[in-house]
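Participant: Sharing a structure below in structure tokens format, with a few things to ask.
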Amino acid sequence: MIYINNLEIMRGTNTLLKDATATIYPHKRVGLVGRNGCGKSTLFAAIKGELSPESGEIIIPNGWVISSVAQETPGLDKSALDYVIDGDTKYRNLQKMMEDAENSHNGMAMAEIHAELENIGAYTIKSRAETLLTGLGFSQEEYNSPVKNFSGGWRMRLNLAQALLCPSDLLLLDEPTNHLDLDTVIWLEDWLKNYSGTLIIISHDRDFLDNICTHIIHMENQKLNMYTGNFTSFEEERAHKINLQQALYEKQQAQLAHLQAFVDKFRYKATKAKQAQSRLKAMEKMERIVLAHYDSPFSFEFRDSTELPQTLVRMENLSAGYPDKTVLTDVKINLVPGSRIGLLGRNGAGKSTFIKTIAGTLPPLGGSVEIAKGIKVGYFAQHQLEYLDNDGTPLSHLTKLADNHKELELRSFLGGFGFSGDKALDKVEHFSGGEKARLVLALIVWQRPNLLLLDEPTNHLDLNMREAIILALSDFKGALIVVSHDRHLLKTTTNEFYLVSEGKVSQFNGDLDDYHNYLVELDKKNEQQKKELSRSQDEGKSSSKSAFKSKEQKKLEAEFRERLRPLKKEIENLDKKITKLTSEKKQLEIQLTDESIYNAEHKDELQKVLLQQSKVSSELEEAEMLWMEKSELLEQQTNEFNQYQNTD
């Protein structure tokens, strides 16, 4: 068990935890949640021993191995596969010890290291690392690519693979889904469900926490509050507690009335049965979410656009991509006010390409795209965070768009995005990723778009801001297209899904559970095809070798088998001798467990048994070392002959 007793942690002059206590039982999967800045990552650092608390203690069982995701990845020449295998430090240490033992011809040490390697599953480590890389979105061709060739987001995936490969008793994951797409999040979720150790995870992904966690620790008011159950259970319990506080009742009811109006409106207009029911359930669930997030600092809405054409975008036989590569073909879609589309598809399938083409940042390669007069596109993508002026402030950015508005109005608007008071005058260069994302969203909302294109809008955003976006989108009257790994966002803001796959964009008839099943079946199909291809290649090689094997080769093989016969016989005899001596040693040990043999009258018999035990042990050790030496010689000669045959 992990015991956190009367813990006090400070960051500068700010107290993050005071007299905080919690107990985490083995094999539990715990979600650590709380406002940004409350100290979640700092608590992780304390658990790992990277910082010392002002008082109190964190007690972790002796011998527990802690695994966590490295935050930095240097640009190494090492391959992605080798880098991931580095995550198992015990394996790498044993590898080095084996090298030393081989160089010093220490057979006994080599035997012991072989046994240890077998115990830790060393002979499957390469396939396990490859499985992790595949699950996290790497292609087989990328296994041997140097780490330095990958971008920052993909290097973070490599770090995650390292942490998952490391055999651990405690796994600490801090926002592991931030750089992942939906398919990879679903894969990671399934992997973590089968993790046998204790898991503590920081995440703002509601569905991810719901599907994984057995407990939730909420960091609030400098305390650690433990809740049994998943994230939804935590919100229900917290909402119940909050609802008892009469002083907050009025504000809660105002938010619920706003939400209920939308739920009712949607209920009567829903026509797509399965998707509609899925969304309706998600929206009704939001009633307790509003209660649980009553104290959110974020509150904004999409104001009506000045124009709302009947058809915003019409595409016919569209081809999209880049001058040297066509990504999508024959795309046909109409976007009208009220369209709410979630894009699904594997990483690299073309979802972002599709959105960029609609946004106008990528020209179409063919077909037609009709953009309505009066369209206003609000396009959010992660790369736009880089275009913010680092020397600017939230107020100066907004003033550029609205120089004819009073400062008080602009400050009030920014306050809804968490930039209240002096925060509106802080320089962007000091902002976190989440703060930059909130500012970009604020600038988009201000411009009153009638077409929203959101590409992973929730990266770096906490739960309160995510809920504020969902509430604001409930009243948005334009068209919406979303790419997101946040399933809660997709469920509550979209009413139809399109699948981007194999160069096509087609309607997906199902909900996100159906999409999960689709991915499982697709993986099975791909795995089967790989096996069939591998089997076909092996058969082809075997057939080719058989067809062209000369009489001379067959003669060489027969001579080689004859040459090995004495060595194999010697190994066989040693094997029998080891079996016989092991049995003798066991019988002698049984005799020595008889208490009567230690009586004075059996002194001579005891002496005889001890001498025989020493002799048998010595002979057994000698036979085992000789067996190891002869077996390695057999393996070496066989490998050398096979290499000679293959190069011939």
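Residue numbering restarts at 1 in every chain; chains get A, B, ... in the order shown in the structure tokens, and ligands count up from 1 in that same order.
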Need the shell around Lys223 in chain A: protein/DNA/RNA residues with any atom at most 12 Å away, counting only C-alpha atoms. Skip same-chain ones fewer than 5 positions apart. Format as a list of chain:residue names?

Facilitator: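 Near Lys223 in chain A, the qualifying residues are A:Ile4, A:Asn5, A:Asn6, A:Leu7, A:Glu8, A:Ile9, A:Thr15, A:Leu16, A:Leu17, A:Lys18, A:Asp19, A:Ala20, A:Thr21, A:Ala22, A:Val33, A:Gly34, A:Cys38, A:Gly39, A:Lys40, A:Leu43, A:Ile217, A:His218.
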
Participant: How would the residues just picked look written out with C-alpha atoms as a PDB file, in the first residue's frame?

Facilitator:
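Okay, result_19.pdb is ready:
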```pdb
ATOM      1  CA  ILE A   4       0.359   9.565   2.375  1.00  0.00           C
ATOM      2  CA  ASN A   5       0.402  10.932   5.922  1.00  0.00           C
ATOM      3  CA  ASN A   6      -0.117  14.581   6.955  1.00  0.00           C
ATOM      4  CA  LEU A   7       1.659  15.789   3.836  1.00  0.00           C
ATOM      5  CA  GLU A   8       2.552  19.448   3.343  1.00  0.00           C
ATOM      6  CA  ILE A   9       3.976  20.590   0.024  1.00  0.00           C
ATOM      7  CA  THR A  15       0.870  25.938  -0.128  1.00  0.00           C
ATOM      8  CA  LEU A  16      -0.372  23.148  -2.411  1.00  0.00           C
ATOM      9  CA  LEU A  17      -1.083  20.503   0.226  1.00  0.00           C
ATOM     10  CA  LYS A  18      -1.435  20.785   3.996  1.00  0.00           C
ATOM     11  CA  ASP A  19      -2.135  17.894   6.388  1.00  0.00           C
ATOM     12  CA  ALA A  20      -3.131  15.819   3.357  1.00  0.00           C
ATOM     13  CA  THR A  21      -3.714  12.112   3.922  1.00  0.00           C
ATOM     14  CA  ALA A  22      -4.621   9.229   1.592  1.00  0.00           C
ATOM     15  CA  VAL A  33      -7.931  15.237 -10.558  1.00  0.00           C
ATOM     16  CA  GLY A  34      -8.164  18.888  -9.590  1.00  0.00           C
ATOM     17  CA  CYS A  38      -3.403  22.643  -7.576  1.00  0.00           C
ATOM     18  CA  GLY A  39      -0.237  20.508  -7.430  1.00  0.00           C
ATOM     19  CA  LYS A  40      -1.014  17.211  -9.170  1.00  0.00           C
ATOM     20  CA  LEU A  43       2.616  15.340  -5.935  1.00  0.00           C
ATOM     21  CA  ILE A 217      -8.430  11.372  -5.627  1.00  0.00           C
ATOM     22  CA  HIS A 218      -9.644  14.965  -5.842  1.00  0.00           C
TER      23      HIS A 218
END
```

Participant: Can you tell me, as a ChimeraX atom specification, which residues in range 382-516 of chain A count as helix (DSSP H, G or I) by DSSP?

Facilitator: /A:382-387,394-401,407-415,421-425,428-430,433-446,463-473,487-493,512-516

Participant: My list of candidates is A:Pro61, A:Pro364, A:Pro297, A:Gly415. Which is closest to Ala468 in chain A when distances are computed with only C-alpha atoms?

Facilitator: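 Closest candidate: A:Pro297.
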
Participant: What does the structure give for the distance between CA of Val483 in chain A and CA of Ile333 in chain A, in Å to one decimal?

Facilitator: 16.4 Å

Participant: Give the strand (DSSP E) residues of range 114-247 of chain A, as assigned by DSSP on the backbone, as a list in words.

Facilitator: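 Strand (DSSP E) members of range 114-247 of chain A, listed: Leu170, Leu171, Leu172, Leu173, Asp174, Thr198, Leu199, Ile200, Ile201, Ile202, His215, Ile216, Ile217, His218, Met219, Glu220, Lys223, Leu224, Asn225, Met226, Tyr227 and Thr228 of chain A.
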
Participant: Give me a file of those residues, with N, CA and C atoms, as an mmCIF file, in the first residue's frame.

Facilitator:
```cif
data_model
loop_
_atom_site.group_PDB
_atom_site.id
_atom_site.type_symbol
_atom_site.label_atom_id
_atom_site.label_comp_id
_atom_site.auth_asym_id
_atom_site.auth_seq_id
_atom_site.Cartn_x
_atom_site.Cartn_y
_atom_site.Cartn_z
ATOM 1 N N LEU A 170 4.356 0.353 -9.640
ATOM 2 C CA LEU A 170 3.593 1.602 -9.609
ATOM 3 C C LEU A 170 3.855 2.358 -10.904
ATOM 4 N N LEU A 171 2.790 2.672 -11.617
ATOM 5 C CA LEU A 171 2.900 3.405 -12.882
ATOM 6 C C LEU A 171 2.244 4.769 -12.711
ATOM 7 N N LEU A 172 3.020 5.826 -12.965
ATOM 8 C CA LEU A 172 2.531 7.205 -12.856
ATOM 9 C C LEU A 172 2.429 7.805 -14.253
ATOM 10 N N LEU A 173 1.225 8.198 -14.657
ATOM 11 C CA LEU A 173 1.021 8.772 -15.980
ATOM 12 C C LEU A 173 0.417 10.170 -15.851
ATOM 13 N N ASP A 174 1.125 11.159 -16.373
ATOM 14 C CA ASP A 174 0.684 12.551 -16.299
ATOM 15 C C ASP A 174 0.223 12.995 -17.688
ATOM 16 N N THR A 198 -0.094 -0.999 -9.566
ATOM 17 C CA THR A 198 -0.898 0.130 -9.091
ATOM 18 C C THR A 198 -0.708 1.298 -10.058
ATOM 19 N N LEU A 199 -1.804 1.907 -10.466
ATOM 20 C CA LEU A 199 -1.759 2.988 -11.458
ATOM 21 C C LEU A 199 -2.307 4.277 -10.851
ATOM 22 N N ILE A 200 -1.564 5.360 -11.008
ATOM 23 C CA ILE A 200 -2.069 6.695 -10.665
ATOM 24 C C ILE A 200 -1.949 7.536 -11.932
ATOM 25 N N ILE A 201 -3.064 8.140 -12.330
ATOM 26 C CA ILE A 201 -3.087 8.827 -13.622
ATOM 27 C C ILE A 201 -3.700 10.212 -13.489
ATOM 28 N N ILE A 202 -3.016 11.189 -14.057
ATOM 29 C CA ILE A 202 -3.545 12.549 -14.157
ATOM 30 C C ILE A 202 -4.105 12.699 -15.563
ATOM 31 N N HIS A 215 -10.779 4.290 -8.502
ATOM 32 C CA HIS A 215 -10.886 5.313 -7.461
ATOM 33 C C HIS A 215 -10.477 6.664 -8.044
ATOM 34 N N ILE A 216 -10.946 7.723 -7.409
ATOM 35 C CA ILE A 216 -10.566 9.092 -7.788
ATOM 36 C C ILE A 216 -10.059 9.802 -6.535
ATOM 37 N N ILE A 217 -8.908 10.469 -6.680
ATOM 38 C CA ILE A 217 -8.430 11.372 -5.627
ATOM 39 C C ILE A 217 -8.592 12.797 -6.149
ATOM 40 N N HIS A 218 -9.405 13.589 -5.433
ATOM 41 C CA HIS A 218 -9.644 14.965 -5.842
ATOM 42 C C HIS A 218 -8.805 15.890 -4.968
ATOM 43 N N MET A 219 -7.914 16.664 -5.609
ATOM 44 C CA MET A 219 -7.094 17.635 -4.884
ATOM 45 C C MET A 219 -7.871 18.949 -4.819
ATOM 46 N N GLU A 220 -8.271 19.315 -3.611
ATOM 47 C CA GLU A 220 -9.080 20.513 -3.425
ATOM 48 C C GLU A 220 -8.842 21.067 -2.028
ATOM 49 N N LYS A 223 -6.216 19.529 0.227
ATOM 50 C CA LYS A 223 -6.440 18.182 0.767
ATOM 51 C C LYS A 223 -6.528 17.170 -0.364
ATOM 52 N N LEU A 224 -6.416 15.892 0.011
ATOM 53 C CA LEU A 224 -6.600 14.785 -0.919
ATOM 54 C C LEU A 224 -7.872 14.045 -0.512
ATOM 55 N N ASN A 225 -8.909 14.164 -1.337
ATOM 56 C CA ASN A 225 -10.194 13.540 -1.024
ATOM 57 C C ASN A 225 -10.383 12.308 -1.891
ATOM 58 N N MET A 226 -10.475 11.133 -1.249
ATOM 59 C CA MET A 226 -10.588 9.865 -1.971
ATOM 60 C C MET A 226 -12.046 9.492 -2.198
ATOM 61 N N TYR A 227 -12.370 9.117 -3.444
ATOM 62 C CA TYR A 227 -13.710 8.655 -3.808
ATOM 63 C C TYR A 227 -13.591 7.270 -4.424
ATOM 64 N N THR A 228 -14.493 6.364 -4.057
ATOM 65 C CA THR A 228 -14.523 5.031 -4.656
ATOM 66 C C THR A 228 -15.370 5.070 -5.929
#
```

Participant: Excluding same-chain residues fewer than 4 positions from range 591-598 of chain A, what lies within 10 Å of it counting only C-alpha atoms, as a list of chain:residue names?

Facilitator: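 Here the qualifying residues turn out to be A:Lys585, A:Lys586, A:Gln587, A:His602, A:Lys603, A:Asp604, A:Glu605, A:Leu606, A:Gln607, A:Val609, A:Leu610, A:Gln613.
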
Participant: Give me a file of those residues, with N, CA and C atoms, as a short mmCIF file (atom, residue, chain, number, x, y, z; two decimals), in the first residue's frame.

Facilitator:
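Writing the result to result_5.cif gives the following:
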```cif
data_model
loop_
_atom_site.label_atom_id
_atom_site.label_comp_id
_atom_site.auth_asym_id
_atom_site.auth_seq_id
_atom_site.Cartn_x
_atom_site.Cartn_y
_atom_site.Cartn_z
N LYS A 585 21.39 -36.13 -5.22
CA LYS A 585 21.51 -35.00 -4.30
C LYS A 585 20.21 -34.79 -3.52
N LYS A 586 19.09 -34.95 -4.22
CA LYS A 586 17.79 -34.77 -3.58
C LYS A 586 17.57 -35.82 -2.49
N GLN A 587 17.97 -37.09 -2.77
CA GLN A 587 17.82 -38.16 -1.79
C GLN A 587 18.68 -37.91 -0.56
N HIS A 602 24.44 -41.98 15.47
CA HIS A 602 24.49 -41.97 14.01
C HIS A 602 25.56 -41.03 13.46
N LYS A 603 26.55 -40.74 14.29
CA LYS A 603 27.59 -39.77 13.91
C LYS A 603 28.32 -40.19 12.64
N ASP A 604 28.71 -41.50 12.56
CA ASP A 604 29.45 -41.98 11.39
C ASP A 604 28.59 -41.91 10.12
N GLU A 605 27.32 -42.27 10.28
CA GLU A 605 26.41 -42.23 9.13
C GLU A 605 26.22 -40.79 8.63
N LEU A 606 26.12 -39.84 9.58
CA LEU A 606 25.97 -38.42 9.22
C LEU A 606 27.19 -37.94 8.44
N GLN A 607 28.38 -38.34 8.95
CA GLN A 607 29.62 -37.93 8.29
C GLN A 607 29.67 -38.46 6.86
N VAL A 609 27.08 -39.29 4.91
CA VAL A 609 26.09 -38.61 4.07
C VAL A 609 26.57 -37.23 3.64
N LEU A 610 27.20 -36.51 4.60
CA LEU A 610 27.71 -35.16 4.30
C LEU A 610 28.82 -35.21 3.26
N GLN A 613 27.24 -35.96 -0.03
CA GLN A 613 26.54 -34.77 -0.53
C GLN A 613 27.51 -33.79 -1.17
#
```

Participant: Can you pull out the residues contacting Asp210 in chain A? Cut-off 7 Å, using only C-alpha atoms, and skip same-chain residues under 2 positions away; I want them as a list in words.

Facilitator: Arg206, Asp207, Phe208, Ile212, Cys213, Asn230, Phe231 and Thr232 of chain A

Participant: Generate a file of the selected residues that holds C-alpha atoms, formatted as an mmCIF file, in the first residue's frame.

Facilitator:
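So the final result, stored in result07.cif, reads:
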```
data_model
loop_
_atom_site.group_PDB
_atom_site.id
_atom_site.type_symbol
_atom_site.label_atom_id
_atom_site.label_comp_id
_atom_site.auth_asym_id
_atom_site.auth_seq_id
_atom_site.Cartn_x
_atom_site.Cartn_y
_atom_site.Cartn_z
ATOM 1 C CA ARG A 206 -13.525 12.168 -18.738
ATOM 2 C CA ASP A 207 -14.267 8.953 -20.684
ATOM 3 C CA PHE A 208 -10.667 7.782 -20.284
ATOM 4 C CA ILE A 212 -10.024 2.935 -16.346
ATOM 5 C CA CYS A 213 -10.256 4.178 -12.768
ATOM 6 C CA ASN A 230 -14.869 6.006 -11.574
ATOM 7 C CA PHE A 231 -15.033 9.657 -12.573
ATOM 8 C CA THR A 232 -18.786 9.716 -13.083
#
```

Participant: What lies within 12 Å of Ile120 in chain A using only C-alpha atoms, ignoring chain neighbours under 5 positions off, as a list in words?

Facilitator: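 Using only C-alpha atoms, the neighbours found are Asp88, Thr89, Lys90, Tyr91, Arg92, Leu94, Ile113, His114, Ala115, Ile125, Leu165, Cys166, Pro167 and Ser168 of chain A.
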
Participant: Identify which of the residues A:Glu57, A:Glu116, A:Glu635, A:Glu496 lies closest to Leu564 in chain A, counting only C-alpha atoms when measuring atom-to-atom distances.

Facilitator: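 For Leu564 in chain A, the nearest of the candidates is A:Glu635.
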
Participant: Considering only C-alpha atoms, can you say which of A:Arg157, A:Met315, A:Phe354, A:Asn526 comes closest to Phe138 in chain A?

Facilitator: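 With only C-alpha atoms as the atom set, the closest residue is A:Arg157.
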
Participant: Pick out the residues sitting within 10 Å of Ala349 in chain A, and hand them over as an MDAnalysis selection string; count only C-alpha atoms, and ignore anything fewer than 2 positions along from it in its own chain.

Facilitator: chainID A and resid 327:328 344:347 351:354 499:505

Participant: Write the selection just made, keeping N, CA and C atoms, as a JSON list (two decimals), in the first residue's frame?

Facilitator:
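Done, and the output landed in result-v4.json:
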```
[["chain", "number", "residue", "atom", "x", "y", "z"],
["A", 327, "VAL", "N", -4.17, 12.67, -50.78],
["A", 327, "VAL", "CA", -4.56, 11.98, -49.54],
["A", 327, "VAL", "C", -6.01, 11.50, -49.61],
["A", 328, "LEU", "N", -6.91, 12.34, -50.16],
["A", 328, "LEU", "CA", -8.34, 12.02, -50.21],
["A", 328, "LEU", "C", -8.86, 12.21, -51.63],
["A", 344, "LEU", "N", -13.78, 10.56, -37.64],
["A", 344, "LEU", "CA", -13.09, 9.40, -37.08],
["A", 344, "LEU", "C", -12.09, 8.87, -38.10],
["A", 345, "GLY", "N", -11.09, 8.16, -37.63],
["A", 345, "GLY", "CA", -10.12, 7.58, -38.56],
["A", 345, "GLY", "C", -8.76, 7.45, -37.93],
["A", 346, "ARG", "N", -7.96, 6.54, -38.48],
["A", 346, "ARG", "CA", -6.61, 6.29, -37.97],
["A", 346, "ARG", "C", -5.74, 7.53, -38.11],
["A", 347, "ASN", "N", -4.69, 7.57, -37.32],
["A", 347, "ASN", "CA", -3.72, 8.65, -37.43],
["A", 347, "ASN", "C", -3.09, 8.61, -38.81],
["A", 351, "LYS", "N", -7.64, 13.21, -41.71],
["A", 351, "LYS", "CA", -8.64, 14.05, -41.03],
["A", 351, "LYS", "C", -8.23, 15.52, -41.03],
["A", 352, "SER", "N", -6.98, 15.77, -40.64],
["A", 352, "SER", "CA", -6.49, 17.16, -40.61],
["A", 352, "SER", "C", -6.39, 17.75, -42.01],
["A", 353, "THR", "N", -6.02, 16.91, -42.98],
["A", 353, "THR", "CA", -5.97, 17.36, -44.38],
["A", 353, "THR", "C", -7.35, 17.83, -44.84],
["A", 354, "PHE", "N", -8.37, 17.07, -44.47],
["A", 354, "PHE", "CA", -9.75, 17.41, -44.83],
["A", 354, "PHE", "C", -10.14, 18.75, -44.23],
["A", 499, "LEU", "N", -16.19, 8.70, -41.32],
["A", 499, "LEU", "CA", -14.96, 7.93, -41.21],
["A", 499, "LEU", "C", -14.01, 8.31, -42.35],
["A", 500, "VAL", "N", -12.79, 8.69, -41.99],
["A", 500, "VAL", "CA", -11.74, 8.99, -42.98],
["A", 500, "VAL", "C", -10.84, 7.77, -43.03],
["A", 501, "SER", "N", -10.89, 7.05, -44.15],
["A", 501, "SER", "CA", -10.13, 5.80, -44.25],
["A", 501, "SER", "C", -9.88, 5.46, -45.72],
["A", 502, "GLU", "N", -8.66, 5.00, -46.00],
["A", 502, "GLU", "CA", -8.28, 4.54, -47.34],
["A", 502, "GLU", "C", -8.59, 5.57, -48.41],
["A", 503, "GLY", "N", -8.33, 6.84, -48.09],
["A", 503, "GLY", "CA", -8.47, 7.91, -49.07],
["A", 503, "GLY", "C", -9.89, 8.38, -49.30],
["A", 504, "LYS", "N", -10.84, 7.90, -48.48],
["A", 504, "LYS", "CA", -12.25, 8.29, -48.64],
["A", 504, "LYS", "C", -12.78, 8.91, -47.36],
["A", 505, "VAL", "N", -13.85, 9.71, -47.52],
["A", 505, "VAL", "CA", -14.59, 10.27, -46.38],
["A", 505, "VAL", "C", -16.03, 9.80, -46.53]]
```

Participant: Can you tell me which residues surround Asn144 in chain A at a distance of at most 7 Å, considering only C-alpha atoms, apart from same-chain residues fewer than 3 positions away, and format the answer as a list of chain:residue names?

Facilitator: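 Close residues of Asn144 in chain A: A:Ser79, A:Ala80, A:Leu81, A:Glu141.
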